[in-house]
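So this block is final.txt, compact mmCIF, C-alpha atoms:
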```txt
# COMPACT_ATOMS: atom_id res chain seq x y z
CA MET A 19 0.00 0.00 0.00
CA ALA A 20 1.45 3.34 -1.05
CA THR A 21 1.61 5.78 1.79
CA GLY A 22 2.03 9.46 1.16
CA GLU A 23 0.16 12.66 1.07
CA VAL A 24 -1.98 14.67 -1.31
CA ARG A 25 -2.51 18.37 -0.71
CA LEU A 26 -5.24 20.66 -1.83
CA GLU A 27 -5.94 24.32 -1.23
CA VAL A 28 -9.31 25.78 -2.11
CA PRO A 29 -10.96 29.17 -1.56
CA ALA A 30 -12.91 29.17 1.72
CA SER A 31 -16.29 29.18 0.08
CA PRO A 32 -19.05 26.54 -0.04
CA GLU A 33 -18.96 26.07 -3.79
CA PHE A 34 -15.46 24.62 -3.53
CA LEU A 35 -16.47 21.88 -1.12
CA ARG A 36 -17.30 19.76 -4.14
CA ILE A 37 -13.64 19.65 -5.07
CA THR A 38 -12.67 18.50 -1.60
CA ARG A 39 -15.23 15.69 -1.92
CA ILE A 40 -13.95 14.60 -5.32
CA MET A 41 -10.42 14.55 -3.94
CA VAL A 42 -11.30 12.50 -0.89
CA ALA A 43 -13.14 10.00 -3.09
CA GLY A 44 -10.16 9.76 -5.42
CA VAL A 45 -7.65 9.18 -2.66
CA ALA A 46 -9.93 6.78 -0.77
CA SER A 47 -10.58 4.67 -3.83
CA ARG A 48 -6.80 4.37 -4.37
CA LEU A 49 -6.59 2.97 -0.86
CA GLY A 50 -9.25 0.36 -1.60
CA PHE A 51 -12.13 1.73 0.44
CA THR A 52 -15.52 0.41 -0.62
CA LEU A 53 -18.21 2.58 -2.15
CA ASP A 54 -20.05 2.79 1.18
CA GLU A 55 -16.89 3.98 2.90
CA VAL A 56 -16.11 6.44 0.13
CA GLU A 57 -19.60 7.87 0.56
CA ASP A 58 -18.99 8.19 4.31
CA LEU A 59 -15.75 10.07 3.73
CA ARG A 60 -17.43 12.33 1.23
CA ILE A 61 -20.15 13.25 3.70
CA ALA A 62 -17.64 13.68 6.53
CA ILE A 63 -15.32 16.01 4.68
CA ASP A 64 -18.28 18.04 3.56
CA GLU A 65 -19.47 18.44 7.17
CA LEU A 66 -16.02 19.37 8.41
CA CYS A 67 -15.15 21.82 5.67
CA PHE A 68 -18.55 23.38 6.09
CA ALA A 69 -17.88 23.71 9.82
CA LEU A 70 -14.80 25.72 8.85
CA VAL A 71 -16.17 27.98 6.14
CA GLY A 72 -19.90 28.16 6.84
CA LYS A 73 -21.45 30.41 4.24
CA GLY A 74 -18.01 31.55 3.16
CA ARG A 75 -14.90 33.18 4.58
CA THR A 76 -12.13 35.24 3.10
CA GLY A 77 -9.08 33.08 2.63
CA ILE A 78 -8.39 29.44 1.91
CA ILE A 79 -8.68 25.99 3.43
CA ALA A 80 -5.58 23.86 3.13
CA ILE A 81 -6.33 20.15 3.17
CA ARG A 82 -3.93 17.25 3.50
CA TYR A 83 -5.06 13.76 2.59
CA LEU A 84 -2.68 11.42 4.40
CA MET A 85 -2.57 7.88 3.11
CA LEU A 86 -1.82 5.62 6.05
CA ASP A 87 -1.07 1.93 6.20
CA ASP A 88 -4.42 1.26 7.73
CA GLY A 89 -6.60 4.02 6.36
CA LEU A 90 -6.93 7.66 5.49
CA ALA A 91 -6.46 10.75 7.61
CA VAL A 92 -7.61 14.13 6.40
CA GLU A 93 -6.43 17.35 7.99
CA GLY A 94 -7.80 20.75 7.15
CA ASP A 95 -6.66 24.20 8.23
CA GLY A 96 -8.54 27.39 7.66
CA HIS A 97 -6.40 30.39 6.78
CA PHE A 98 -8.75 33.30 6.99
CA THR A 99 -8.16 37.02 6.76
CA ASP A 100 -11.60 38.20 7.78
CA ASP A 101 -12.51 38.69 11.42
CA GLY A 102 -14.83 35.68 11.72
CA ALA A 103 -14.56 33.05 14.42
CA ASN A 104 -11.45 30.90 14.68
CA GLU A 105 -13.38 28.32 16.63
CA PRO A 106 -14.99 25.64 14.48
CA THR A 107 -18.59 25.03 15.36
CA LEU A 108 -20.39 21.73 15.00
CA SER A 109 -24.04 21.24 15.69
CA PRO A 110 -25.08 18.18 17.75
CA MET A 111 -26.47 16.79 14.50
CA SER A 112 -23.09 17.21 12.80
CA HIS A 113 -21.40 15.43 15.69
CA GLN A 114 -23.82 12.57 15.34
CA ILE A 115 -23.24 12.41 11.60
CA LEU A 116 -19.47 12.49 11.87
CA GLY A 117 -19.45 9.88 14.61
CA ALA A 118 -21.24 7.52 12.28
CA MET A 119 -19.04 8.31 9.28
CA VAL A 120 -15.44 8.18 10.50
CA ASP A 121 -13.37 6.64 13.31
CA GLU A 122 -11.80 9.81 14.69
CA VAL A 123 -12.65 13.46 14.53
CA GLU A 124 -10.86 16.37 16.15
CA LEU A 125 -11.51 20.04 15.84
CA GLY A 126 -9.00 22.67 16.79
CA ARG A 127 -7.85 26.20 16.54
CA GLY A 128 -5.02 27.26 14.28
CA PRO A 129 -3.18 30.60 14.16
CA ASP A 130 -5.48 32.06 11.54
CA GLY A 131 -8.53 29.85 11.50
CA PRO A 132 -10.20 26.69 12.75
CA THR A 133 -8.79 23.26 11.95
CA PHE A 134 -9.95 19.67 11.75
CA ARG A 135 -8.55 16.17 11.55
CA MET A 136 -10.43 12.99 10.80
CA VAL A 137 -9.39 9.38 10.36
CA LYS A 138 -11.15 6.49 8.69
CA ARG A 139 -9.58 3.06 8.91
CA LEU A 140 -9.73 0.31 6.33
CA ARG A 141 -11.70 -2.67 7.52
CA PRO A 142 -10.05 -5.99 6.86
CA ALA A 143 -12.00 -7.58 3.99
CA MET Z 23 -57.46 13.09 -14.53
CA ALA Z 24 -61.06 12.44 -15.21
CA PHE Z 25 -63.52 12.92 -12.40
CA ASP Z 26 -67.21 12.36 -12.89
CA SER Z 27 -69.46 15.29 -12.16
CA LYS Z 28 -70.31 14.03 -8.70
CA GLU Z 29 -66.65 13.74 -7.75
CA ARG Z 30 -65.98 17.15 -9.24
CA ASP Z 31 -68.71 18.74 -7.15
CA GLU Z 32 -67.38 17.01 -4.09
CA LEU Z 33 -63.86 18.28 -4.75
CA ARG Z 34 -65.12 21.80 -5.41
CA ARG Z 35 -66.93 21.70 -2.09
CA LYS Z 36 -63.75 20.54 -0.37
CA PHE Z 37 -61.72 23.31 -1.98
CA THR Z 38 -64.21 25.91 -0.78
CA GLU Z 39 -64.11 24.46 2.68
CA PHE Z 40 -60.32 24.28 2.67
CA ALA Z 41 -60.05 27.88 1.49
CA GLU Z 42 -61.66 28.87 4.76
CA SER Z 43 -60.58 26.28 7.28
CA ARG Z 44 -57.03 25.50 5.99
CA ASP Z 45 -57.64 22.13 7.59
CA ARG Z 46 -54.66 19.81 7.13
CA THR Z 47 -56.67 16.64 6.73
CA LEU Z 48 -58.70 18.26 4.01
CA ARG Z 49 -55.52 19.48 2.38
CA ASP Z 50 -54.12 15.95 2.37
CA GLU Z 51 -57.30 14.66 0.79
CA LEU Z 52 -57.15 17.27 -1.94
CA VAL Z 53 -53.51 16.55 -2.64
CA THR Z 54 -54.12 12.81 -2.73
CA ALA Z 55 -57.08 13.21 -5.06
CA HIS Z 56 -54.89 15.01 -7.61
CA MET Z 57 -51.71 12.99 -7.22
CA GLY Z 58 -52.39 11.39 -10.60
CA LEU Z 59 -52.00 14.77 -12.26
CA ALA Z 60 -48.65 15.35 -10.53
CA GLU Z 61 -47.42 11.91 -11.55
CA TYR Z 62 -48.59 12.39 -15.10
CA LEU Z 63 -46.68 15.66 -15.38
CA ALA Z 64 -43.58 14.26 -13.66
CA ARG Z 65 -43.50 11.47 -16.23
CA ARG Z 66 -43.24 14.03 -19.02
CA PHE Z 67 -39.92 15.17 -17.57
CA THR Z 68 -38.22 11.77 -17.50
CA ASN Z 69 -35.39 11.09 -19.95
CA ARG Z 70 -33.62 14.17 -18.75
CA GLY Z 71 -31.30 12.31 -16.44
CA GLU Z 72 -33.37 12.57 -13.29
CA PRO Z 73 -35.00 9.54 -11.65
CA LEU Z 74 -38.78 9.51 -11.85
CA ASP Z 75 -38.92 9.06 -8.11
CA ASP Z 76 -37.32 12.44 -7.52
CA LEU Z 77 -39.43 14.10 -10.19
CA ALA Z 78 -42.60 12.73 -8.64
CA GLN Z 79 -41.59 14.31 -5.34
CA VAL Z 80 -40.97 17.66 -7.01
CA ALA Z 81 -44.30 17.46 -8.80
CA ALA Z 82 -46.05 16.58 -5.54
CA LEU Z 83 -44.51 19.67 -4.00
CA GLY Z 84 -45.87 21.74 -6.88
CA LEU Z 85 -49.26 20.15 -6.37
CA LEU Z 86 -49.20 21.01 -2.70
CA LYS Z 87 -48.43 24.64 -3.51
CA ALA Z 88 -51.25 24.67 -6.03
CA VAL Z 89 -53.70 23.29 -3.48
CA ASP Z 90 -52.61 25.94 -0.99
CA ARG Z 91 -52.97 28.79 -3.43
CA PHE Z 92 -56.02 27.73 -5.39
CA ASP Z 93 -58.94 30.10 -5.10
CA PRO Z 94 -62.12 28.17 -5.97
CA ASP Z 95 -64.15 31.39 -6.26
CA ARG Z 96 -62.38 32.41 -9.42
CA GLY Z 97 -64.18 29.73 -11.39
CA LEU Z 98 -61.13 27.94 -12.77
CA GLU Z 99 -60.89 24.18 -12.79
CA PHE Z 100 -58.24 23.06 -10.31
CA SER Z 101 -56.35 21.05 -12.92
CA THR Z 102 -56.19 24.11 -15.17
CA TYR Z 103 -54.80 26.11 -12.31
CA ALA Z 104 -52.44 23.44 -11.00
CA THR Z 105 -50.79 22.31 -14.23
CA PRO Z 106 -48.65 25.42 -14.79
CA THR Z 107 -47.73 25.48 -11.09
CA ILE Z 108 -46.56 21.87 -11.16
CA VAL Z 109 -44.77 22.24 -14.48
CA GLY Z 110 -43.13 25.39 -13.14
CA GLU Z 111 -41.91 23.50 -10.10
CA LEU Z 112 -40.48 20.75 -12.31
CA LYS Z 113 -38.73 23.26 -14.56
CA ARG Z 114 -37.35 25.06 -11.57
CA HIS Z 115 -36.05 21.76 -10.29
CA PHE Z 116 -34.04 21.31 -13.45
CA ARG Z 117 -32.93 24.89 -13.54
CA ASP Z 118 -32.00 25.52 -9.91
CA LYS Z 119 -32.08 22.38 -7.93
CA GLY Z 120 -31.41 19.55 -10.27
CA TRP Z 121 -27.79 19.48 -11.14
CA ALA Z 122 -26.51 22.55 -9.35
CA VAL Z 123 -23.17 22.16 -10.99
CA ARG Z 124 -23.73 21.64 -14.66
CA VAL Z 125 -23.26 17.93 -15.05
CA PRO Z 126 -22.61 16.69 -18.57
CA ARG Z 127 -25.25 14.39 -19.91
CA ARG Z 128 -22.89 11.43 -20.26
CA VAL Z 129 -22.05 11.73 -16.54
CA GLN Z 130 -25.71 11.90 -15.59
CA GLU Z 131 -26.37 8.81 -17.66
CA LEU Z 132 -23.46 6.95 -16.14
CA HIS Z 133 -24.70 7.96 -12.71
CA LEU Z 134 -28.06 6.38 -13.42
CA ARG Z 135 -26.49 3.29 -14.97
CA LEU Z 136 -24.18 2.75 -12.01
CA GLY Z 137 -27.18 2.33 -9.77
CA SER Z 138 -27.88 -1.13 -11.08
CA VAL Z 139 -24.20 -2.02 -11.46
CA VAL Z 140 -23.68 -1.30 -7.76
CA SER Z 141 -26.74 -3.34 -6.79
CA ILE Z 142 -25.62 -6.35 -8.77
CA LEU Z 143 -22.05 -6.19 -7.47
CA SER Z 144 -23.18 -5.76 -3.88
CA GLN Z 145 -25.33 -8.83 -4.20
CA GLU Z 146 -22.58 -10.88 -5.83
CA LYS Z 147 -19.97 -9.94 -3.27
CA GLY Z 148 -22.14 -9.65 -0.21
CA ARG Z 149 -20.50 -6.31 0.59
CA SER Z 150 -20.18 -2.83 -0.82
CA PRO Z 151 -17.97 -2.92 -3.94
CA THR Z 152 -14.80 -0.86 -4.31
CA ILE Z 153 -14.56 1.88 -6.90
CA GLY Z 154 -12.19 -0.29 -8.92
CA GLU Z 155 -14.69 -3.14 -9.02
CA ILE Z 156 -17.47 -0.81 -10.12
CA ALA Z 157 -15.29 0.65 -12.87
CA GLN Z 158 -14.42 -2.79 -14.16
CA ALA Z 159 -18.01 -4.00 -14.18
CA ALA Z 160 -19.25 -0.85 -15.91
CA ALA Z 161 -16.31 -0.86 -18.34
CA VAL Z 162 -15.35 2.71 -17.57
CA SER Z 163 -12.37 4.28 -15.76
CA GLU Z 164 -12.24 4.80 -12.01
CA GLU Z 165 -12.19 8.54 -12.62
CA GLU Z 166 -15.45 8.31 -14.53
CA VAL Z 167 -17.02 6.35 -11.68
CA LEU Z 168 -15.90 8.97 -9.15
CA GLU Z 169 -17.24 11.73 -11.35
CA ALA Z 170 -20.57 9.96 -11.71
CA ILE Z 171 -20.90 9.36 -7.96
CA GLU Z 172 -20.12 12.98 -7.25
CA ALA Z 173 -22.81 13.94 -9.74
CA GLY Z 174 -25.36 12.44 -7.37
CA HIS Z 175 -24.27 14.99 -4.79
CA ALA Z 176 -24.56 17.90 -7.15
CA TYR Z 177 -27.96 18.79 -5.83
CA ARG Z 178 -28.37 22.13 -4.23
CA PHE Z 179 -31.51 21.83 -2.19
CA THR Z 180 -32.24 24.96 -0.28
CA SER Z 181 -36.00 24.70 -0.25
CA LEU Z 182 -37.29 24.05 3.21
CA ASP Z 183 -40.92 24.05 2.29
CA ALA Z 184 -40.84 20.47 1.12
CA PRO Z 185 -44.01 18.77 2.25
CA ALA Z 186 -43.79 17.89 5.90
CA GLY Z 187 -45.03 14.39 6.52
CA GLY Z 188 -44.54 13.90 2.85
CA ASP Z 189 -46.43 12.46 0.00
CA GLU Z 190 -44.82 9.09 0.35
CA ASP Z 191 -46.78 7.54 3.13
CA GLY Z 192 -48.47 5.21 0.72
CA SER Z 193 -45.37 3.89 -0.94
CA LEU Z 194 -43.49 3.92 2.33
CA SER Z 195 -45.66 1.35 4.02
CA SER Z 196 -45.20 -0.94 1.09
CA GLN Z 197 -41.43 -0.56 1.32
CA LEU Z 198 -40.97 -0.93 5.01
CA GLY Z 199 -41.40 -3.93 7.21
CA SER Z 200 -43.10 -3.62 10.56
CA GLU Z 201 -39.70 -3.50 12.21
CA ASP Z 202 -38.97 -0.25 10.45
CA GLN Z 203 -42.33 1.17 11.29
CA GLY Z 204 -41.31 0.65 14.92
CA LEU Z 205 -38.10 2.43 14.16
CA ILE Z 206 -39.91 5.50 12.95
CA ASP Z 207 -41.78 5.58 16.22
CA SER Z 208 -38.70 5.12 18.37
CA GLU Z 209 -37.03 7.80 16.35
CA HIS Z 210 -39.88 10.07 17.30
CA ARG Z 211 -39.31 9.32 20.94
CA VAL Z 212 -35.60 9.90 20.97
CA THR Z 213 -35.33 12.60 18.36
CA LEU Z 214 -31.98 14.25 18.65
CA SER Z 215 -33.21 17.19 16.76
CA PRO Z 216 -36.67 18.31 15.77
CA LEU Z 217 -35.08 19.11 12.42
CA ILE Z 218 -35.26 15.47 11.42
CA ALA Z 219 -38.94 15.27 12.16
CA GLN Z 220 -39.59 17.63 9.28
CA PHE Z 221 -38.40 15.24 6.64
CA PRO Z 222 -40.68 12.92 4.72
CA PRO Z 223 -40.89 9.46 6.33
CA ARG Z 224 -38.43 7.75 4.04
CA GLU Z 225 -35.74 10.41 4.50
CA ARG Z 226 -36.32 10.24 8.24
CA VAL Z 227 -35.81 6.50 8.27
CA ILE Z 228 -32.66 6.80 6.18
CA LEU Z 229 -31.16 9.50 8.41
CA HIS Z 230 -32.00 7.45 11.45
CA LEU Z 231 -30.61 4.17 10.14
CA ARG Z 232 -27.43 5.77 8.88
CA PHE Z 233 -26.54 8.16 11.68
CA PHE Z 234 -28.15 6.58 14.71
CA GLU Z 235 -28.19 2.88 13.93
CA GLY Z 236 -24.94 2.86 11.97
CA LEU Z 237 -26.22 0.89 8.98
CA THR Z 238 -24.25 1.38 5.78
CA GLN Z 239 -25.83 2.88 2.69
CA SER Z 240 -25.95 -0.56 1.07
CA GLU Z 241 -27.66 -2.08 4.08
CA ILE Z 242 -30.23 0.70 4.11
CA ALA Z 243 -30.75 0.23 0.38
CA GLY Z 244 -31.38 -3.47 0.93
CA ARG Z 245 -33.77 -2.86 3.74
CA LEU Z 246 -35.82 -0.22 1.92
CA GLY Z 247 -35.69 -1.98 -1.41
CA ILE Z 248 -34.13 0.95 -3.24
CA SER Z 249 -30.70 1.32 -4.81
CA GLN Z 250 -27.61 2.38 -2.89
CA MET Z 251 -27.21 5.30 -5.30
CA HIS Z 252 -30.70 6.44 -4.42
CA VAL Z 253 -29.93 6.24 -0.70
CA SER Z 254 -26.81 8.27 -1.39
CA ARG Z 255 -28.77 10.94 -3.25
CA LEU Z 256 -31.46 11.16 -0.59
CA LEU Z 257 -28.87 11.42 2.18
CA ALA Z 258 -26.94 14.11 0.36
CA ARG Z 259 -30.11 16.06 -0.18
CA SER Z 260 -31.31 15.70 3.41
CA LEU Z 261 -27.94 16.81 4.73
CA SER Z 262 -27.86 19.85 2.53
CA GLN Z 263 -31.35 20.75 3.69
CA LEU Z 264 -30.32 20.34 7.32
CA ARG Z 265 -27.36 22.54 6.65
CA SER Z 266 -29.20 25.35 4.93
CA GLN Z 267 -31.64 25.26 7.80
CA ALA Z 268 -28.82 25.53 10.32
CA THR Z 269 -27.27 28.49 8.52
CA ASP Z 270 -30.60 30.23 8.05
CA ALA Z 271 -31.25 29.88 11.77
CA GLY Z 272 -27.82 31.33 12.44
CA ASP Z 273 -28.70 34.44 10.49
CA GLU Z 274 -31.67 35.31 12.58
```
Have the structure of the file written as structure tokens, please.
Amino acid sequence: MATGEVRLEVPASPEFLRITRIMVAGVASRLGFTLDEVEDLRIAIDELCFALVGKGRTGIIAIRYLMLDDGLAVEGDGHFTDDGANEPTLSPMSHQILGAMVDEVELGRGPDGPTFRMVKRLRPA
Amino acid sequence: MAFDSKERDELRRKFTEFAESRDRTLRDELVTAHMGLAEYLARRFTNRGEPLDDLAQVAALGLLKAVDRFDPDRGLEFSTYATPTIVGELKRHFRDKGWAVRVPRRVQELHLRLGSVVSILSQEKGRSPTIGEIAQAAAVSEEEVLEAIEAGHAYRFTSLDAPAGGDEDGSLSSQLGSEDQGLIDSEHRVTLSPLIAQFPPRERVILHLRFFEGLTQSEIAGRLGISQMHVSRLLARSLSQLRSQATDAGDE
């Protein structure tokens, strides 16, 4: 299994979330995740990126897709220049959704914006 | 949509009564009585890369709006009044809500075709297939498969006035076993969020099974007797509705 990292930077605006979903699906399918799992990752990254940008911020989100031996980790950092919140917010519903989609989720605070990290592990076939 | 004169009189009476009382039961009856019209119109919009199921829902929404707005005193037949409203709703669906990102026709078609490919593979393998397996079975590249799956998420559903309680009660009972009916009830008892309660029954069940019971999309598809791709579309749409609701609430 090839380990490594794919990076993506997109404008911090909801219409670019689609690209983050396509990327996660591409990387996950390389790793051999099933369609169901790819769908989970797609929903999860959408929730997390949305938690960062909401209806849109000024700046970018930098995303790293880390291919691990046993799964996929995705880390995202907001780099915002507006004076919006640097604290990511997740509704209870989003927490519930993410808990069902991935194995680990962490939200944090970076120097110039909120951050996230999620991990989904490959299930032995 | 042919009613005999007795039925027509009866409906006219109900419309007059509804215009005053705004009674929900009456409204349901009026919607149900004209569902054939909505389905007929929805059918005229197939072959445009949208599943009939979704179109029927959009048409039903148009019908509901027509029932709400119809003024029986103006002397128009309801069907005359409702047809442009329903057709307008369907056109709007294609324009605004259908494929929010312009999705090329070949991708839309592949998306629809993959539905059955995924079902067959899931059955053969007894698990969800990988993207590579789907690509091989459909004789396309992995990239094309990914593109087609993403196309199913290209909806941009911001409308929150979708029919609460939904127009699907009839078909729902035929799709769900009694076990699932119990689930709907338990979901009512332990609702995490009243937001979920607003969805039509089938969406509610899917949200519940996926996020609270931890069933996979394939398992849900099997249980409801619909395709995994359809579950995926419905989930994506429900989530985007939940989200637009959350952000709208944040603005107030």
### Query
Quick one: which residues from chain A are at most 10 Å off chain Z, using all atoms listed in the file, as number ranges by chain?
A: 33, 36-37, 39-41, 43-44, 46-58, 60-61, 64-65, 68, 72-73, 109-119, 143
### Message
Between CA of Ile142 (chain Z) and CA of Arg128 (chain Z), what distance in Å does the model show, to one decimal?
### Response
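Between CA of Ile142 (chain Z) and CA of Arg128 (chain Z) the gap is 21.3 Å.
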#### Entry: Which residue of A:Gly77, A:Gly96, A:Pro142, A:Gly102 approaches Arg127 (chain A) most closely, using all atoms listed in the file
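Among the listed residues, A:Gly96 lies closest to Arg127 (chain A).
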#### Entry: Minimum-distance residue to Thr21 (chain A), chosen among A:Thr99, A:Val45, A:Ile79, A:Arg141 (using all atoms listed in the file)
A:Val45
